[in-house]
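Just protein.pdb here, PDB, C-alpha atoms:
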ATOM      1  CA  MET A   1     -61.647  63.604 -36.370
ATOM      2  CA  HIS A   2     -63.124  64.340 -32.974
ATOM      3  CA  ARG A   3     -60.800  63.312 -30.173
ATOM      4  CA  TRP A   4     -63.698  61.756 -28.305
ATOM      5  CA  LEU A   5     -64.636  59.734 -31.346
ATOM      6  CA  VAL A   6     -61.097  58.422 -31.713
ATOM      7  CA  ALA A   7     -61.217  57.370 -28.075
ATOM      8  CA  LEU A   8     -64.596  55.798 -28.623
ATOM      9  CA  ILE A   9     -63.491  53.817 -31.642
ATOM     10  CA  ILE A  10     -60.328  52.615 -29.920
ATOM     11  CA  ALA A  11     -62.426  51.590 -26.939
ATOM     12  CA  MET A  12     -64.728  49.680 -29.213
ATOM     13  CA  GLY A  13     -61.844  47.916 -30.895
ATOM     14  CA  GLY A  14     -62.750  49.394 -34.251
ATOM     15  CA  ALA A  15     -66.220  47.933 -34.254
ATOM     16  CA  ALA A  16     -68.208  48.036 -37.493
ATOM     17  CA  GLY A  17     -65.168  49.000 -39.511
ATOM     18  CA  ALA A  18     -65.335  52.592 -38.325
ATOM     19  CA  ALA A  19     -61.658  52.731 -37.429
ATOM     20  CA  ALA A  20     -60.635  51.161 -40.713
ATOM     21  CA  SER A  21     -62.484  53.724 -42.820
ATOM     22  CA  GLY A  22     -61.561  56.633 -40.535
ATOM     23  CA  LEU A  23     -65.005  58.201 -40.864
ATOM     24  CA  GLU A  24     -66.829  60.238 -38.287
ATOM     25  CA  ARG A  25     -69.334  57.569 -37.615
ATOM     26  CA  VAL A  26     -71.173  56.104 -34.677
ATOM     27  CA  PRO A  27     -73.260  52.926 -34.828
ATOM     28  CA  ALA A  28     -76.804  53.619 -36.018
ATOM     29  CA  VAL A  29     -79.715  53.089 -33.632
ATOM     30  CA  SER A  30     -80.425  49.347 -33.788
ATOM     31  CA  HIS A  31     -83.282  49.122 -31.280
ATOM     32  CA  PRO A  32     -86.682  49.526 -32.991
ATOM     33  CA  ALA A  33     -88.479  50.968 -29.940
ATOM     34  CA  THR A  34     -85.759  53.586 -29.484
ATOM     35  CA  ALA A  35     -85.837  54.488 -33.166
ATOM     36  CA  LYS A  36     -89.626  54.831 -33.106
ATOM     37  CA  GLU A  37     -90.302  56.525 -29.773
ATOM     38  CA  CYS A  38     -87.327  58.915 -29.723
ATOM     39  CA  GLY A  39     -87.597  59.506 -33.457
ATOM     40  CA  GLU A  40     -91.164  60.805 -33.367
ATOM     41  CA  CYS A  41     -90.248  64.291 -32.133
ATOM     42  CA  HIS A  42     -86.558  64.558 -33.039
ATOM     43  CA  MET A  43     -83.929  62.476 -34.721
ATOM     44  CA  ALA A  44     -83.293  59.402 -32.576
ATOM     45  CA  PHE A  45     -79.813  60.267 -31.367
ATOM     46  CA  GLN A  46     -77.328  57.408 -31.406
ATOM     47  CA  PRO A  47     -76.500  56.015 -27.956
ATOM     48  CA  ALA A  48     -72.758  56.629 -28.473
ATOM     49  CA  LEU A  49     -73.359  60.385 -28.461
ATOM     50  CA  LEU A  50     -73.809  60.476 -24.670
ATOM     51  CA  PRO A  51     -72.288  58.580 -21.751
ATOM     52  CA  THR A  52     -74.403  56.141 -19.733
ATOM     53  CA  GLY A  53     -75.017  58.599 -16.895
ATOM     54  CA  SER A  54     -76.569  61.141 -19.261
ATOM     55  CA  TRP A  55     -78.888  58.545 -20.782
ATOM     56  CA  LEU A  56     -80.029  57.408 -17.346
ATOM     57  CA  ARG A  57     -80.836  60.991 -16.360
ATOM     58  CA  ILE A  58     -82.775  61.483 -19.592
ATOM     59  CA  THR A  59     -84.762  58.250 -19.470
ATOM     60  CA  ASP A  60     -85.540  58.696 -15.771
ATOM     61  CA  GLY A  61     -86.976  62.152 -16.416
ATOM     62  CA  LEU A  62     -89.208  61.712 -19.467
ATOM     63  CA  ALA A  63     -92.158  63.479 -17.820
ATOM     64  CA  ASP A  64     -90.142  66.702 -18.151
ATOM     65  CA  HIS A  65     -88.024  66.105 -21.239
ATOM     66  CA  PHE A  66     -86.442  69.501 -21.897
ATOM     67  CA  GLY A  67     -89.803  71.077 -21.094
ATOM     68  CA  GLU A  68     -91.967  68.505 -22.903
ATOM     69  CA  ASP A  69     -93.873  65.561 -21.501
ATOM     70  CA  ALA A  70     -92.328  62.561 -23.266
ATOM     71  CA  SER A  71     -93.595  59.899 -20.851
ATOM     72  CA  LEU A  72     -93.785  56.312 -22.057
ATOM     73  CA  PRO A  73     -95.336  53.151 -20.650
ATOM     74  CA  ALA A  74     -92.969  51.778 -17.974
ATOM     75  CA  ASP A  75     -91.947  48.622 -19.871
ATOM     76  CA  LEU A  76     -91.182  50.568 -23.032
ATOM     77  CA  ALA A  77     -89.195  53.207 -21.128
ATOM     78  CA  ALA A  78     -87.197  50.464 -19.377
ATOM     79  CA  SER A  79     -86.351  48.747 -22.652
ATOM     80  CA  ILE A  80     -85.161  52.000 -24.250
ATOM     81  CA  ARG A  81     -83.224  52.930 -21.092
ATOM     82  CA  ALA A  82     -81.401  49.589 -21.115
ATOM     83  CA  TYR A  83     -80.498  49.868 -24.816
ATOM     84  CA  LEU A  84     -79.161  53.415 -24.506
ATOM     85  CA  ALA A  85     -77.181  52.646 -21.356
ATOM     86  CA  ALA A  86     -75.651  49.467 -22.779
ATOM     87  CA  ASN A  87     -74.558  51.197 -25.985
ATOM     88  CA  ALA A  88     -73.619  54.576 -24.530
ATOM     89  CA  GLY A  89     -70.478  56.466 -25.392
ATOM     90  CA  ARG A  90     -67.300  56.195 -23.299
ATOM     91  CA  SER A  91     -66.690  59.914 -23.043
ATOM     92  CA  GLY A  92     -68.607  63.056 -22.220
ATOM     93  CA  ASP A  93     -69.927  64.549 -19.005
ATOM     94  CA  PRO A  94     -72.561  62.240 -17.460
ATOM     95  CA  LYS A  95     -74.132  65.201 -15.632
ATOM     96  CA  VAL A  96     -74.877  66.922 -18.941
ATOM     97  CA  THR A  97     -77.995  65.683 -20.745
ATOM     98  CA  ARG A  98     -77.876  67.829 -23.864
ATOM     99  CA  ILE A  99     -75.602  66.473 -26.583
ATOM    100  CA  THR A 100     -75.190  70.063 -27.771
ATOM    101  CA  GLU A 101     -73.764  71.030 -24.374
ATOM    102  CA  GLN A 102     -71.079  68.342 -24.302
ATOM    103  CA  SER A 103     -67.653  69.954 -24.664
ATOM    104  CA  TRP A 104     -66.772  68.043 -27.864
ATOM    105  CA  PHE A 105     -69.896  69.413 -29.526
ATOM    106  CA  ALA A 106     -68.870  73.028 -28.978
ATOM    107  CA  LYS A 107     -65.365  72.315 -30.298
ATOM    108  CA  GLU A 108     -66.758  70.845 -33.498
ATOM    109  CA  HIS A 109     -69.454  73.453 -34.061
ATOM    110  CA  ARG A 110     -67.834  76.880 -33.876
ATOM    111  CA  PHE A 111     -70.218  78.914 -35.982
ATOM    112  CA  ARG A 112     -71.417  82.495 -35.910
ATOM    113  CA  ALA A 113     -74.793  83.045 -34.252
ATOM    114  CA  SER A 114     -76.249  83.923 -37.661
ATOM    115  CA  VAL A 115     -75.544  80.382 -38.859
ATOM    116  CA  TRP A 116     -77.450  78.830 -35.974
ATOM    117  CA  GLN A 117     -80.345  81.194 -36.658
ATOM    118  CA  ARG A 118     -80.932  79.910 -40.196
ATOM    119  CA  PRO A 119     -84.578  78.846 -40.444
ATOM    120  CA  GLU A 120     -83.767  75.337 -41.678
ATOM    121  CA  ILE A 121     -81.623  74.705 -38.596
ATOM    122  CA  LYS A 122     -84.044  75.945 -35.928
ATOM    123  CA  THR A 123     -82.080  74.332 -33.100
ATOM    124  CA  LYS A 124     -78.591  72.972 -32.464
ATOM    125  CA  SER A 125     -80.066  69.514 -31.958
ATOM    126  CA  ASN A 126     -81.280  69.370 -35.574
ATOM    127  CA  CYS A 127     -78.314  67.313 -36.813
ATOM    128  CA  LEU A 128     -80.028  66.535 -40.115
ATOM    129  CA  ALA A 129     -80.086  70.181 -41.175
ATOM    130  CA  CYS A 130     -76.344  69.957 -41.909
ATOM    131  CA  HIS A 131     -75.527  66.226 -41.681
ATOM    132  CA  PRO A 132     -77.856  64.537 -44.192
ATOM    133  CA  ARG A 133     -76.777  61.023 -43.143
ATOM    134  CA  ALA A 134     -76.894  61.727 -39.409
ATOM    135  CA  GLU A 135     -79.776  59.326 -38.973
ATOM    136  CA  GLN A 136     -77.424  56.505 -39.992
ATOM    137  CA  GLY A 137     -74.768  57.718 -37.543
ATOM    138  CA  ASP A 138     -72.693  59.313 -40.302
ATOM    139  CA  TYR A 139     -71.443  62.797 -39.427
ATOM    140  CA  ASP A 140     -68.503  62.773 -41.833
ATOM    141  CA  ASP A 141     -69.757  65.553 -44.084
ATOM    142  CA  ASP A 142     -68.511  68.769 -42.573
TER     143      ASP A 142
ATOM    144  CA  MET B   1     -98.163  30.698 -61.513
ATOM    145  CA  ASN B   2     -98.984  32.552 -64.743
ATOM    146  CA  ARG B   3     -98.588  36.304 -64.958
ATOM    147  CA  PRO B   4    -102.297  37.396 -64.938
ATOM    148  CA  LEU B   5    -102.946  35.197 -61.931
ATOM    149  CA  LEU B   6     -99.880  36.576 -60.161
ATOM    150  CA  LEU B   7    -101.080  40.120 -60.880
ATOM    151  CA  ALA B   8    -104.569  39.339 -59.627
ATOM    152  CA  THR B   9    -103.152  37.849 -56.447
ATOM    153  CA  ALA B  10    -100.952  40.883 -55.892
ATOM    154  CA  LEU B  11    -103.848  43.287 -56.452
ATOM    155  CA  THR B  12    -106.037  41.338 -54.058
ATOM    156  CA  ALA B  13    -103.293  41.496 -51.438
ATOM    157  CA  VAL B  14    -102.982  45.270 -51.902
ATOM    158  CA  ALA B  15    -106.753  45.737 -51.703
ATOM    159  CA  MET B  16    -106.915  43.605 -48.562
ATOM    160  CA  ALA B  17    -104.097  45.591 -46.952
ATOM    161  CA  ALA B  18    -105.917  48.856 -47.701
ATOM    162  CA  VAL B  19    -109.140  47.566 -46.202
ATOM    163  CA  ALA B  20    -107.383  45.895 -43.288
ATOM    164  CA  ALA B  21    -106.185  49.211 -41.906
ATOM    165  CA  GLU B  22    -109.718  50.493 -41.502
ATOM    166  CA  PRO B  23    -111.192  48.181 -38.870
ATOM    167  CA  ALA B  24    -108.456  49.269 -36.468
ATOM    168  CA  ARG B  25    -109.366  52.914 -37.053
ATOM    169  CA  ASP B  26    -113.085  52.184 -36.821
ATOM    170  CA  ALA B  27    -112.485  50.444 -33.500
ATOM    171  CA  ILE B  28    -110.577  53.455 -32.157
ATOM    172  CA  VAL B  29    -113.392  55.810 -33.174
ATOM    173  CA  ALA B  30    -116.003  53.449 -31.696
ATOM    174  CA  ALA B  31    -114.122  53.313 -28.399
ATOM    175  CA  TYR B  32    -113.978  57.127 -28.221
ATOM    176  CA  SER B  33    -117.681  57.273 -29.061
ATOM    177  CA  GLN B  34    -118.508  54.970 -26.163
ATOM    178  CA  LEU B  35    -116.262  56.973 -23.851
ATOM    179  CA  ALA B  36    -117.787  60.266 -25.043
ATOM    180  CA  THR B  37    -121.255  59.009 -24.138
ATOM    181  CA  SER B  38    -120.117  58.037 -20.657
ATOM    182  CA  GLU B  39    -118.408  61.434 -20.211
ATOM    183  CA  ASN B  40    -121.483  63.282 -21.475
ATOM    184  CA  PRO B  41    -124.879  61.523 -21.844
ATOM    185  CA  ALA B  42    -125.991  64.269 -24.283
ATOM    186  CA  PHE B  43    -123.190  63.324 -26.742
ATOM    187  CA  SER B  44    -124.731  62.855 -30.183
ATOM    188  CA  GLY B  45    -121.893  61.905 -32.503
ATOM    189  CA  PHE B  46    -118.615  63.289 -33.772
ATOM    190  CA  SER B  47    -118.296  66.355 -35.989
ATOM    191  CA  ALA B  48    -115.613  66.943 -38.604
ATOM    192  CA  ALA B  49    -116.345  70.695 -38.402
ATOM    193  CA  ARG B  50    -115.665  70.748 -34.644
ATOM    194  CA  GLY B  51    -112.545  68.672 -35.292
ATOM    195  CA  GLU B  52    -111.342  71.210 -37.829
ATOM    196  CA  ARG B  53    -111.828  74.082 -35.370
ATOM    197  CA  LEU B  54    -109.907  72.115 -32.744
ATOM    198  CA  TYR B  55    -107.123  71.445 -35.260
ATOM    199  CA  LEU B  56    -106.816  75.022 -36.513
ATOM    200  CA  GLY B  57    -107.268  76.856 -33.192
ATOM    201  CA  PRO B  58    -105.711  79.104 -32.114
ATOM    202  CA  HIS B  59    -106.180  78.122 -28.478
ATOM    203  CA  THR B  60    -105.030  79.694 -25.249
ATOM    204  CA  GLY B  61    -104.004  77.922 -22.083
ATOM    205  CA  GLY B  62    -101.327  75.634 -23.486
ATOM    206  CA  ASN B  63     -97.718  76.181 -24.407
ATOM    207  CA  THR B  64     -97.499  79.614 -26.057
ATOM    208  CA  GLU B  65     -95.241  78.120 -28.747
ATOM    209  CA  THR B  66     -97.984  75.698 -29.806
ATOM    210  CA  PRO B  67    -101.376  77.471 -29.848
ATOM    211  CA  ALA B  68    -102.807  74.958 -32.362
ATOM    212  CA  CYS B  69    -102.309  71.483 -33.773
ATOM    213  CA  ALA B  70    -101.709  73.341 -37.037
ATOM    214  CA  THR B  71     -98.638  75.035 -35.541
ATOM    215  CA  CYS B  72     -96.615  71.873 -36.173
ATOM    216  CA  HIS B  73     -98.901  69.985 -38.568
ATOM    217  CA  THR B  74     -99.589  73.067 -40.772
ATOM    218  CA  ALA B  75    -103.040  74.419 -41.654
ATOM    219  CA  ASP B  76    -103.303  71.792 -44.410
ATOM    220  CA  PRO B  77    -103.392  68.351 -42.782
ATOM    221  CA  ARG B  78    -102.464  66.776 -46.118
ATOM    222  CA  ALA B  79     -99.073  68.488 -45.947
ATOM    223  CA  SER B  80     -96.044  67.324 -43.985
ATOM    224  CA  GLY B  81     -95.541  69.122 -40.713
ATOM    225  CA  ARG B  82     -92.518  70.246 -38.756
ATOM    226  CA  HIS B  83     -91.995  70.049 -34.997
ATOM    227  CA  VAL B  84     -91.904  73.666 -33.866
ATOM    228  CA  LYS B  85     -89.092  73.099 -31.356
ATOM    229  CA  THR B  86     -86.926  70.402 -32.914
ATOM    230  CA  GLY B  87     -87.509  70.995 -36.628
ATOM    231  CA  ARG B  88     -88.294  67.274 -37.072
ATOM    232  CA  ALA B  89     -90.441  66.505 -40.118
ATOM    233  CA  ILE B  90     -93.888  65.106 -39.264
ATOM    234  CA  GLU B  91     -95.843  62.872 -41.640
ATOM    235  CA  PRO B  92     -99.186  64.246 -42.870
ATOM    236  CA  MET B  93    -102.175  63.861 -40.554
ATOM    237  CA  ALA B  94    -104.865  63.396 -43.233
ATOM    238  CA  VAL B  95    -105.820  59.755 -43.660
ATOM    239  CA  SER B  96    -106.194  60.247 -47.438
ATOM    240  CA  VAL B  97    -102.456  60.786 -47.842
ATOM    241  CA  ASN B  98    -101.248  58.852 -44.780
ATOM    242  CA  PRO B  99    -103.458  55.765 -44.337
ATOM    243  CA  ARG B 100    -101.478  54.590 -41.305
ATOM    244  CA  ARG B 101    -102.876  57.433 -39.183
ATOM    245  CA  PHE B 102    -105.141  56.396 -36.298
ATOM    246  CA  THR B 103    -104.601  52.658 -36.687
ATOM    247  CA  ASP B 104    -102.665  52.037 -33.441
ATOM    248  CA  ALA B 105    -104.767  52.762 -30.355
ATOM    249  CA  VAL B 106    -101.798  52.984 -27.986
ATOM    250  CA  ASP B 107     -99.982  55.439 -30.243
ATOM    251  CA  VAL B 108    -103.108  57.544 -30.707
ATOM    252  CA  GLU B 109    -103.661  57.817 -26.946
ATOM    253  CA  LYS B 110     -99.985  58.593 -26.351
ATOM    254  CA  ARG B 111    -100.070  61.479 -28.808
ATOM    255  CA  PHE B 112    -103.292  62.945 -27.430
ATOM    256  CA  ALA B 113    -101.940  62.602 -23.880
ATOM    257  CA  ARG B 114     -98.875  64.645 -24.795
ATOM    258  CA  ASP B 115    -100.179  67.072 -27.386
ATOM    259  CA  CYS B 116    -103.505  68.161 -25.838
ATOM    260  CA  PRO B 117    -101.748  69.630 -22.758
ATOM    261  CA  ASN B 118     -99.205  71.294 -25.062
ATOM    262  CA  VAL B 119    -101.892  72.952 -27.185
ATOM    263  CA  LEU B 120    -104.861  73.357 -24.822
ATOM    264  CA  GLY B 121    -103.240  73.233 -21.413
ATOM    265  CA  ARG B 122    -105.506  70.323 -20.459
ATOM    266  CA  PRO B 123    -106.295  66.783 -21.604
ATOM    267  CA  CYS B 124    -108.727  66.384 -24.510
ATOM    268  CA  THR B 125    -112.180  64.917 -23.925
ATOM    269  CA  ALA B 126    -113.145  61.733 -25.742
ATOM    270  CA  ALA B 127    -115.550  63.834 -27.847
ATOM    271  CA  GLU B 128    -112.692  66.107 -28.925
ATOM    272  CA  LYS B 129    -110.497  63.131 -29.817
ATOM    273  CA  GLY B 130    -113.273  61.645 -31.940
ATOM    274  CA  ASP B 131    -113.992  64.989 -33.618
ATOM    275  CA  PHE B 132    -110.303  65.383 -34.417
ATOM    276  CA  ILE B 133    -110.001  61.916 -35.970
ATOM    277  CA  THR B 134    -113.298  62.352 -37.858
ATOM    278  CA  PHE B 135    -111.991  65.595 -39.369
ATOM    279  CA  LEU B 136    -108.792  63.898 -40.519
ATOM    280  CA  ILE B 137    -110.576  60.829 -41.897
ATOM    281  CA  ASN B 138    -112.522  63.246 -44.101
ATOM    282  CA  ARG B 139    -109.456  65.080 -45.396
TER     283      ARG B 139
END

structure tokens encoding of this file:
Amino acid sequence: MHRWLVALIIAMGGAAGAAASGLERVPAVSHPATAKECGECHMAFQPALLPTGSWLRITDGLADHFGEDASLPADLAASIRAYLAANAGRSGDPKVTRITEQSWFAKEHRFRASVWQRPEIKTKSNCLACHPRAEQGDYDDD
Amino acid sequence: MNRPLLLATALTAVAMAAVAAEPARDAIVAAYSQLATSENPAFSGFSAARGERLYLGPHTGGNTETPACATCHTADPRASGRHVKTGRAIEPMAVSVNPRRFTDAVDVEKRFARDCPNVLGRPCTAAEKGDFITFLINR
């Protein structure tokens, strides 16, 4: 199991039975606006995958969201920002906004370049290409 | 309640739900029509053919990765699309297979506001938005 995930689960006091089952799980997105707005263009990543600082950087910069304009009405953006920040992960580098550039990600995804270039993967952020239950926060299939 | 009556009630509910989605779409088209007239007094109605050309492109001026709506939504609007950068599946655009399309005015405006600059390098006119929706209502 990822070291960061162990730390996360301990920090959460084994919330949602994750510690008991020992699975690589994070709580699923439980905020409808986050699920809808973030999930339109990519899988709505679970808040536990990034620390609070990263989420604040992301939600404060939606006009240039990794090169795309992902602006939202102010009230909607504020509601999503608050949800992500309140449910953020306890580890990770808050200056890094890409989940795929967090150090734990690299440790868990040591693949040849040819694997990443498979057409069904397209990009490292496409969790669902290899983790079919990623949308539910379940990454225990590798 | 007896079974035939239950069935009839259920069918009526389904029929009402199908019809209920349309006034919202009609209102969105009507609003774009009004706006198109104020943007251009010579505006004389939306065209599915113009909408199809807008959809298929290819266009220049926008993001080189997305020269057309069809880049992500595929050339057949009845098919599921795929986000060219993230690989995310996109529900079909054609109203015939996805009746929820163009029924939420805020969502529709949000998508045009983001996607027109990506594809065209500029915002869409109200006439273009109406043409686009008219094309997809007819598919």

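Remark: for chain B, the closest of the candidate residues A:Pro27, A:Gly89, A:Gly53, A:Pro119 is A:Pro119 (distances computed over all atoms listed in the file).
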
Test item: the ChimeraX specification (/A :<12) & /B resolved as a VMD selection string: chain B and resid 62 to 63 65 to 66 72 81 to 91 106 to 107 109 to 119

Nearby residues, (-113.7, 58.1, -37.2) file frame, 12 Å, only C-alpha atoms, as a count of residues only: 35

Residue nearest Ala82 (chain A) - candidates A:His31, A:Gln102, A:Arg118, A:Arg110, atoms counted: all atoms listed in the file: A:His31

Quick check on the file I pasted: which residues fall under the PyMOL selection byres ((chain A and resi 100) around 12)? Write them as a compact mmCIF listing (two decimals) with C-alpha atoms, keeping the file's coordinate frame.
# COMPACT_ATOMS: atom_id res chain seq x y z
CA PHE A 45 -79.81 60.27 -31.37
CA LEU A 49 -73.36 60.38 -28.46
CA LEU A 50 -73.81 60.48 -24.67
CA GLY A 92 -68.61 63.06 -22.22
CA ASP A 93 -69.93 64.55 -19.00
CA VAL A 96 -74.88 66.92 -18.94
CA THR A 97 -78.00 65.68 -20.74
CA ARG A 98 -77.88 67.83 -23.86
CA ILE A 99 -75.60 66.47 -26.58
CA GLU A 101 -73.76 71.03 -24.37
CA GLN A 102 -71.08 68.34 -24.30
CA SER A 103 -67.65 69.95 -24.66
CA TRP A 104 -66.77 68.04 -27.86
CA PHE A 105 -69.90 69.41 -29.53
CA ALA A 106 -68.87 73.03 -28.98
CA LYS A 107 -65.36 72.32 -30.30
CA GLU A 108 -66.76 70.84 -33.50
CA HIS A 109 -69.45 73.45 -34.06
CA ARG A 110 -67.83 76.88 -33.88
CA THR A 123 -82.08 74.33 -33.10
CA LYS A 124 -78.59 72.97 -32.46
CA SER A 125 -80.07 69.51 -31.96
CA ASN A 126 -81.28 69.37 -35.57
CA CYS A 127 -78.31 67.31 -36.81

Residues matched by the PyMOL selection byres ((chain A and resi 133-140) around 9) as number ranges by chain: A: 1, 23-29, 43-46, 127-128, 130-132, 141-142

Polymer residues at most 7 Å from region 73-78 of chain B, all atoms listed in the file, same-chain spacing of 4 or more positions, as a PyMOL selection string: chain B and resi 56+69+82+92-94+97

Draw an axis-aligned box tight on the listed atoms of region 89-94 of chain A, then pad every side by 3 Å and write out centre and edge lengths in Å to one decimal as AutoDock Vina command-line options.
--center_x -69.6 --center_y 60.4 --center_z -21.4 --size_x 11.9 --size_y 14.4 --size_z 13.9

Length of the CA of Arg81 (chain A) to CA of Ala48 (chain A) vector [Å]: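 These atoms are spaced 13.3 Å apart.
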
For Ala33 (chain A), the nearest of the candidates A:Ala77, A:Leu56, A:Ala88, A:Leu62, counting only C-alpha atoms: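 Of all the options, A:Ala77 lies closest to Ala33 (chain A).
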
Straight-line distance linking CA of Ala70 (chain B) with CA of Leu54 (chain B), stated in Å to one decimal: 9.3 Å

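Remark: for Leu120 (chain B), the closest of the candidate residues B:Ser80, B:Ala105, B:Thr64, B:Arg100 is B:Thr64 (distances computed over only C-alpha atoms).
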
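Here CA of Leu84 (chain A) is placed at a distance of 7.3 Å from CA of Thr52 (chain A).
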
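For the residues A:Arg57, A:Pro47, A:Ser114, A:Thr34, ranking by smallest atom-to-atom distance to Pro94 (chain A) using only C-alpha atoms places A:Arg57 first.
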
Who sits within 7 Å of Gly57 (chain B), only C-alpha atoms, same chain under 4 positions skipped, as a ChimeraX atom specification: /B:53,67-68
